[in-house]
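Here is the structure we will look at.
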Amino acid sequence: METFLLKRKGALLFVTHDRSLTQALATRIVELERGRLKSWTCDYETYLQRRAASLGAEAEKDRQFDRRLEQEEAWIRQGIRARRTRNEGRVRALERMREERRLRREGLGAANISLQQAEKTSRQVIEADDITFAYDRDPIVDGFSTTVMRGDKVGLIGPNGSGKTTLLRLLLGDLDPQTGTVKHGLRLQVAYFDQLRAQLDGTRTVVETVAHGSDHVTVNGKVKHVYGYLQDFLFDRSRARSLVRTLSGGERNRLLLATLFTRPVNVLALDEPTNDLDTETLEVLESSLVEFTGTVLLVSHDRTFLDNVVTSTIAFDGPRPTEYVGGYSDFIHQSTKVDAPPSRPSSKPPERKRTRERKLSNREREELLGLPDRITTLETERDTIHEVMSDPSVYDDASRIPEHRARLEAIDAELEEAYSRWTELEAIG
């Protein structure tokens, strides 16, 4: 569509939150904000720069106005000593200033999205091996394998109906593959954003949806009143009492995000979270995901969002998707090369297929069963040492520091060996 519109001659008026499309097509931006229309004769990136400068100048003007108003209010409280003409004029000027301040429309502001980080997962989060899934006889996913490691941010891209949501649910364990296996690591705490927003009950209010009958929510260990929390997601008090079914699409998206982020997570699965979101909220969500140290699985058609967030992409060009390093632009660059597109390096050993020919011995089976506990013990010890070394008092006796550092290096080596052995034994079994 973008290519078609670029070639088309004639005027074009379009409404969108797609920043890539806007940058490619627009030669003029018409902005509706606080009941006012502003026209910017430039492309989107230039508009952002000019708008930021304009908002800064407006904010400074408002600060100066408020300072003068405060001074005049202090003067009127002192009383008018004489009914002189100039005093009467000053009173009328004050009344006009009060009216001007009353009519001033404040900006909606930006959402304040804060993700609660849960305890770290094990290093390997998801391993899918040769999975297949079909509705009726048509395969949606056919013989697909991948490994998702802690901290990966993976984008799923492709045409509507290609199977992105199906693959996402297979990786999460919501669907069982018809062939192949999906294995999860340890301590996964998943938040799933459903593009259909089926988790929202239209008969409940916004407050009831988030707080489940309570007046407070706990965010990052701090108790916060539910109305204050909802303000962070741009719901004022009156809107927070509205029924979910009366909300717009963008409001429902913000409500679902607000609901999901009331609990700690280490894996975020987001299926089209950007639909209907305004540009400011998109950018705040984008920044939050970039700073999130957990794992992200993201289905989106927003090219800018994908480029700014994900570290790898799974592209649907058939029932066997292809993996690429980087975001959407990297996928386009790699997939249009003459040579076969490079896939994301797999963490599976190259001998994997050959080692399947033999079975695990009893000793190896016992070793495999004990590896998760072994890994958990090592990771717990490592986290404890990190906590000790983050305490300033430990540096009062510097003699223990080399010992702690040496143990951390040893733990890292032992963990690397344990993970390698786990992958090797699972490949055999």
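We label chains A, B, ... in the order they appear in the structure tokens, count residues from 1 in each chain, and number ligands from 1 in the order shown.
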Nearby residues (only C-alpha atoms) at most 8 Å from segment 115-117 of chain A, same-chain spacing under 5 positions excluded, as a PDB file with all heavy atoms, in the first residue's frame:
```pdb
ATOM      1  N   VAL A 219       2.823  -2.030  43.218  1.00  0.00           N
ATOM      2  CA  VAL A 219       3.685  -1.889  42.047  1.00  0.00           C
ATOM      3  C   VAL A 219       5.116  -1.723  42.524  1.00  0.00           C
ATOM      4  O   VAL A 219       5.426  -0.801  43.275  1.00  0.00           O
ATOM      5  CB  VAL A 219       3.268  -0.673  41.184  1.00  0.00           C
ATOM      6  CG1 VAL A 219       4.171  -0.566  39.966  1.00  0.00           C
ATOM      7  CG2 VAL A 219       1.814  -0.788  40.765  1.00  0.00           C
ATOM      8  N   ASN A 220       5.980  -2.659  42.096  1.00  0.00           N
ATOM      9  CA  ASN A 220       7.392  -2.631  42.493  1.00  0.00           C
ATOM     10  C   ASN A 220       7.557  -2.545  44.011  1.00  0.00           C
ATOM     11  O   ASN A 220       8.387  -1.798  44.534  1.00  0.00           O
ATOM     12  CB  ASN A 220       8.120  -1.472  41.810  1.00  0.00           C
ATOM     13  CG  ASN A 220       8.289  -1.690  40.318  1.00  0.00           C
ATOM     14  OD1 ASN A 220       8.575  -2.805  39.890  1.00  0.00           O
ATOM     15  ND2 ASN A 220       8.109  -0.650  39.530  1.00  0.00           N
ATOM     16  N   PHE A 261       0.524  -5.299  33.997  1.00  0.00           N
ATOM     17  CA  PHE A 261       1.726  -4.802  34.660  1.00  0.00           C
ATOM     18  C   PHE A 261       1.535  -4.597  36.162  1.00  0.00           C
ATOM     19  O   PHE A 261       2.388  -3.997  36.814  1.00  0.00           O
ATOM     20  CB  PHE A 261       2.193  -3.509  34.002  1.00  0.00           C
ATOM     21  CG  PHE A 261       2.604  -3.686  32.560  1.00  0.00           C
ATOM     22  CD1 PHE A 261       2.706  -2.596  31.715  1.00  0.00           C
ATOM     23  CD2 PHE A 261       2.879  -4.945  32.049  1.00  0.00           C
ATOM     24  CE1 PHE A 261       3.075  -2.756  30.384  1.00  0.00           C
ATOM     25  CE2 PHE A 261       3.238  -5.129  30.718  1.00  0.00           C
ATOM     26  CZ  PHE A 261       3.334  -4.031  29.891  1.00  0.00           C
ATOM     27  N   THR A 262       0.420  -5.093  36.732  1.00  0.00           N
ATOM     28  CA  THR A 262       0.250  -5.049  38.186  1.00  0.00           C
ATOM     29  C   THR A 262       0.990  -6.192  38.869  1.00  0.00           C
ATOM     30  O   THR A 262       1.041  -6.232  40.097  1.00  0.00           O
ATOM     31  CB  THR A 262      -1.238  -5.123  38.574  1.00  0.00           C
ATOM     32  OG1 THR A 262      -1.828  -6.305  38.010  1.00  0.00           O
ATOM     33  CG2 THR A 262      -1.991  -3.893  38.104  1.00  0.00           C
ATOM     34  N   ARG A 263       1.543  -7.111  38.110  1.00  0.00           N
ATOM     35  CA  ARG A 263       2.268  -8.233  38.726  1.00  0.00           C
ATOM     36  C   ARG A 263       3.653  -8.378  38.087  1.00  0.00           C
ATOM     37  O   ARG A 263       3.846  -8.021  36.914  1.00  0.00           O
ATOM     38  CB  ARG A 263       1.484  -9.531  38.566  1.00  0.00           C
ATOM     39  CG  ARG A 263       1.231  -9.956  37.131  1.00  0.00           C
ATOM     40  CD  ARG A 263       0.441 -11.262  37.095  1.00  0.00           C
ATOM     41  NE  ARG A 263       0.270 -11.767  35.744  1.00  0.00           N
ATOM     42  CZ  ARG A 263      -0.725 -11.460  34.941  1.00  0.00           C
ATOM     43  NH1 ARG A 263      -1.652 -10.621  35.352  1.00  0.00           N
ATOM     44  NH2 ARG A 263      -0.813 -11.986  33.734  1.00  0.00           N
ATOM     45  N   PRO A 264       4.613  -8.903  38.845  1.00  0.00           N
ATOM     46  CA  PRO A 264       5.970  -9.073  38.304  1.00  0.00           C
ATOM     47  C   PRO A 264       5.986 -10.114  37.184  1.00  0.00           C
ATOM     48  O   PRO A 264       5.301 -11.136  37.256  1.00  0.00           O
ATOM     49  CB  PRO A 264       6.776  -9.551  39.518  1.00  0.00           C
ATOM     50  CG  PRO A 264       5.956  -9.193  40.704  1.00  0.00           C
ATOM     51  CD  PRO A 264       4.532  -9.268  40.270  1.00  0.00           C
ATOM     52  N   VAL A 265       6.778  -9.853  36.149  1.00  0.00           N
ATOM     53  CA  VAL A 265       6.895 -10.781  35.033  1.00  0.00           C
ATOM     54  C   VAL A 265       8.353 -10.855  34.601  1.00  0.00           C
ATOM     55  O   VAL A 265       9.151  -9.945  34.854  1.00  0.00           O
ATOM     56  CB  VAL A 265       6.028 -10.334  33.827  1.00  0.00           C
ATOM     57  CG1 VAL A 265       4.563 -10.360  34.179  1.00  0.00           C
ATOM     58  CG2 VAL A 265       6.429  -8.950  33.335  1.00  0.00           C
ATOM     59  N   ASN A 266       8.704 -11.948  33.955  1.00  0.00           N
ATOM     60  CA  ASN A 266      10.020 -12.047  33.329  1.00  0.00           C
ATOM     61  C   ASN A 266       9.927 -12.471  31.867  1.00  0.00           C
ATOM     62  O   ASN A 266      10.933 -12.528  31.178  1.00  0.00           O
ATOM     63  CB  ASN A 266      10.959 -12.987  34.105  1.00  0.00           C
ATOM     64  CG  ASN A 266      10.302 -14.309  34.453  1.00  0.00           C
ATOM     65  OD1 ASN A 266       9.493 -14.841  33.680  1.00  0.00           O
ATOM     66  ND2 ASN A 266      10.638 -14.854  35.618  1.00  0.00           N
ATOM     67  N   SER A 288       9.904   1.260  27.579  1.00  0.00           N
ATOM     68  CA  SER A 288       9.795   0.306  28.685  1.00  0.00           C
ATOM     69  C   SER A 288      10.262  -1.080  28.261  1.00  0.00           C
ATOM     70  O   SER A 288      10.946  -1.777  29.023  1.00  0.00           O
ATOM     71  CB  SER A 288       8.347   0.233  29.185  1.00  0.00           C
ATOM     72  OG  SER A 288       7.915   1.487  29.675  1.00  0.00           O
ATOM     73  N   PHE A 292      13.396  -3.316  29.644  1.00  0.00           N
ATOM     74  CA  PHE A 292      13.007  -4.569  30.305  1.00  0.00           C
ATOM     75  C   PHE A 292      14.104  -5.609  30.106  1.00  0.00           C
ATOM     76  O   PHE A 292      14.551  -5.873  28.997  1.00  0.00           O
ATOM     77  CB  PHE A 292      11.694  -5.059  29.688  1.00  0.00           C
ATOM     78  CG  PHE A 292      11.148  -6.328  30.283  1.00  0.00           C
ATOM     79  CD1 PHE A 292      10.861  -6.426  31.639  1.00  0.00           C
ATOM     80  CD2 PHE A 292      10.890  -7.432  29.476  1.00  0.00           C
ATOM     81  CE1 PHE A 292      10.334  -7.594  32.177  1.00  0.00           C
ATOM     82  CE2 PHE A 292      10.356  -8.597  30.008  1.00  0.00           C
ATOM     83  CZ  PHE A 292      10.088  -8.669  31.363  1.00  0.00           C
ATOM     84  N   THR A 293      14.585  -6.210  31.201  1.00  0.00           N
ATOM     85  CA  THR A 293      15.698  -7.156  31.111  1.00  0.00           C
ATOM     86  C   THR A 293      15.233  -8.585  30.902  1.00  0.00           C
ATOM     87  O   THR A 293      16.066  -9.486  30.754  1.00  0.00           O
ATOM     88  CB  THR A 293      16.560  -7.094  32.391  1.00  0.00           C
ATOM     89  OG1 THR A 293      15.736  -7.407  33.536  1.00  0.00           O
ATOM     90  CG2 THR A 293      17.171  -5.716  32.569  1.00  0.00           C
ATOM     91  N   GLY A 294      13.920  -8.809  30.909  1.00  0.00           N
ATOM     92  CA  GLY A 294      13.403 -10.147  30.672  1.00  0.00           C
ATOM     93  C   GLY A 294      13.304 -10.458  29.191  1.00  0.00           C
ATOM     94  O   GLY A 294      13.955  -9.834  28.344  1.00  0.00           O
TER      95      GLY A 294
END
```
**Asked** Looking only at the backbone, which of the residues in segment 199-320 of chain A does DSSP tag as strand (DSSP E), as an MDAnalysis selection string?
**Response** chainID A and resid 216:219 222:225 267:271 295:299 312:315
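Summary of the local environment: counting only C-alpha atoms, residues at most 9 Å from Arg382 of chain A, other than itself and those fewer than 2 positions away along its chain, are Thr377, Leu378, Glu379, Thr380, Thr384, Ile385, His386, Glu387, Arg407, Leu408, Ile411 and Asp412 of chain A.
The nearest approach to Glu70 of chain A among the residues A:Cys42, A:Leu94, A:Leu425, A:Ile29, with only C-alpha atoms taken into account, belongs to A:Leu94.
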**Residue contacts of Val125 of chain A (7 Å, only C-alpha atoms) excluding same-chain residues fewer than 6 positions away, as a PyMOL selection string** = chain A and resi 148-150+184-185
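For the pair atom CA of Thr322 of chain A and atom CA of Leu196 of chain A, the separation is 25.7 Å.
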**Message:** Need to verify the contact set: Leu230 of chain A, 9 Å, only C-alpha atoms, exclusion of same-chain residues closer than 3 positions in sequence. Can you return it as a PyMOL selection string?
**Reply:** chain A and resi 206-207+210+225-227+233-237+240+255+258
**Asked** Which residues come within 12 Å of Leu247 of chain A, counting only C-alpha atoms, excluding same-chain residues fewer than 2 positions away, as a list in words?
**Response** Leu200, Asp201, Gly202, Thr203, Arg204, Thr205, Val206, Phe235, Arg239, Ala240, Arg241, Ser242, Leu243, Val244, Arg245, Gly249, Gly250, Glu251, Arg252, Asn253, Arg254, Leu255, Leu256 and Asp276 of chain A
**Item:** Residues of segment 10-187 of chain A in helix (DSSP H, G or I), written as a VMD selection string
**Value:** chain A and resid 19 to 25 44 to 77 85 to 103 164 to 172
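Take atom CA of Ala111 of chain A and atom CA of Thr281 of chain A: the distance between them is 5.7 Å.
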**Message:** Could you list, as a list of chain:residue names, every residue within 9 Å of segment 4-7 of chain A, counting only C-alpha atoms and ignoring same-chain residues fewer than 2 positions away?
**Reply:** A:Met1, A:Glu2, A:Lys9, A:Leu12, A:Ala24, A:Leu25
**Complete:** Between A:His301, A:Arg77, A:Lys183, A:His17, smallest distance to Ala315 of chain A by only C-alpha atoms belongs to A:His301
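For the pair atom CA of Thr246 of chain A and atom CA of Gly228 of chain A, the separation is 20.9 Å.
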**Item:** Pick from A:Glu73, A:Glu424, A:Asp194, A:Glu208, whichever lies nearest to Thr165 of chain A using only C-alpha atoms
**Value:** A:Asp194
**Asked** Of the candidates A:Gln178, A:Val91, A:Ser312, A:Glu100, which shows the shortest atom-to-atom distance to Asp129 of chain A, using only C-alpha atoms?
**Response** A:Gln178
**Message:** With distances taken over only C-alpha atoms, which residue among A:Arg96, A:Arg50, A:Arg19, A:Lys120 lies nearest Gly151 of chain A?
**Reply:** A:Lys120
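The shortest atom-to-atom distance to Leu369 of chain A, with only C-alpha atoms taken into account, belongs to A:Trp422 out of A:Tyr47, A:Phe305, A:Trp422, A:Phe65.
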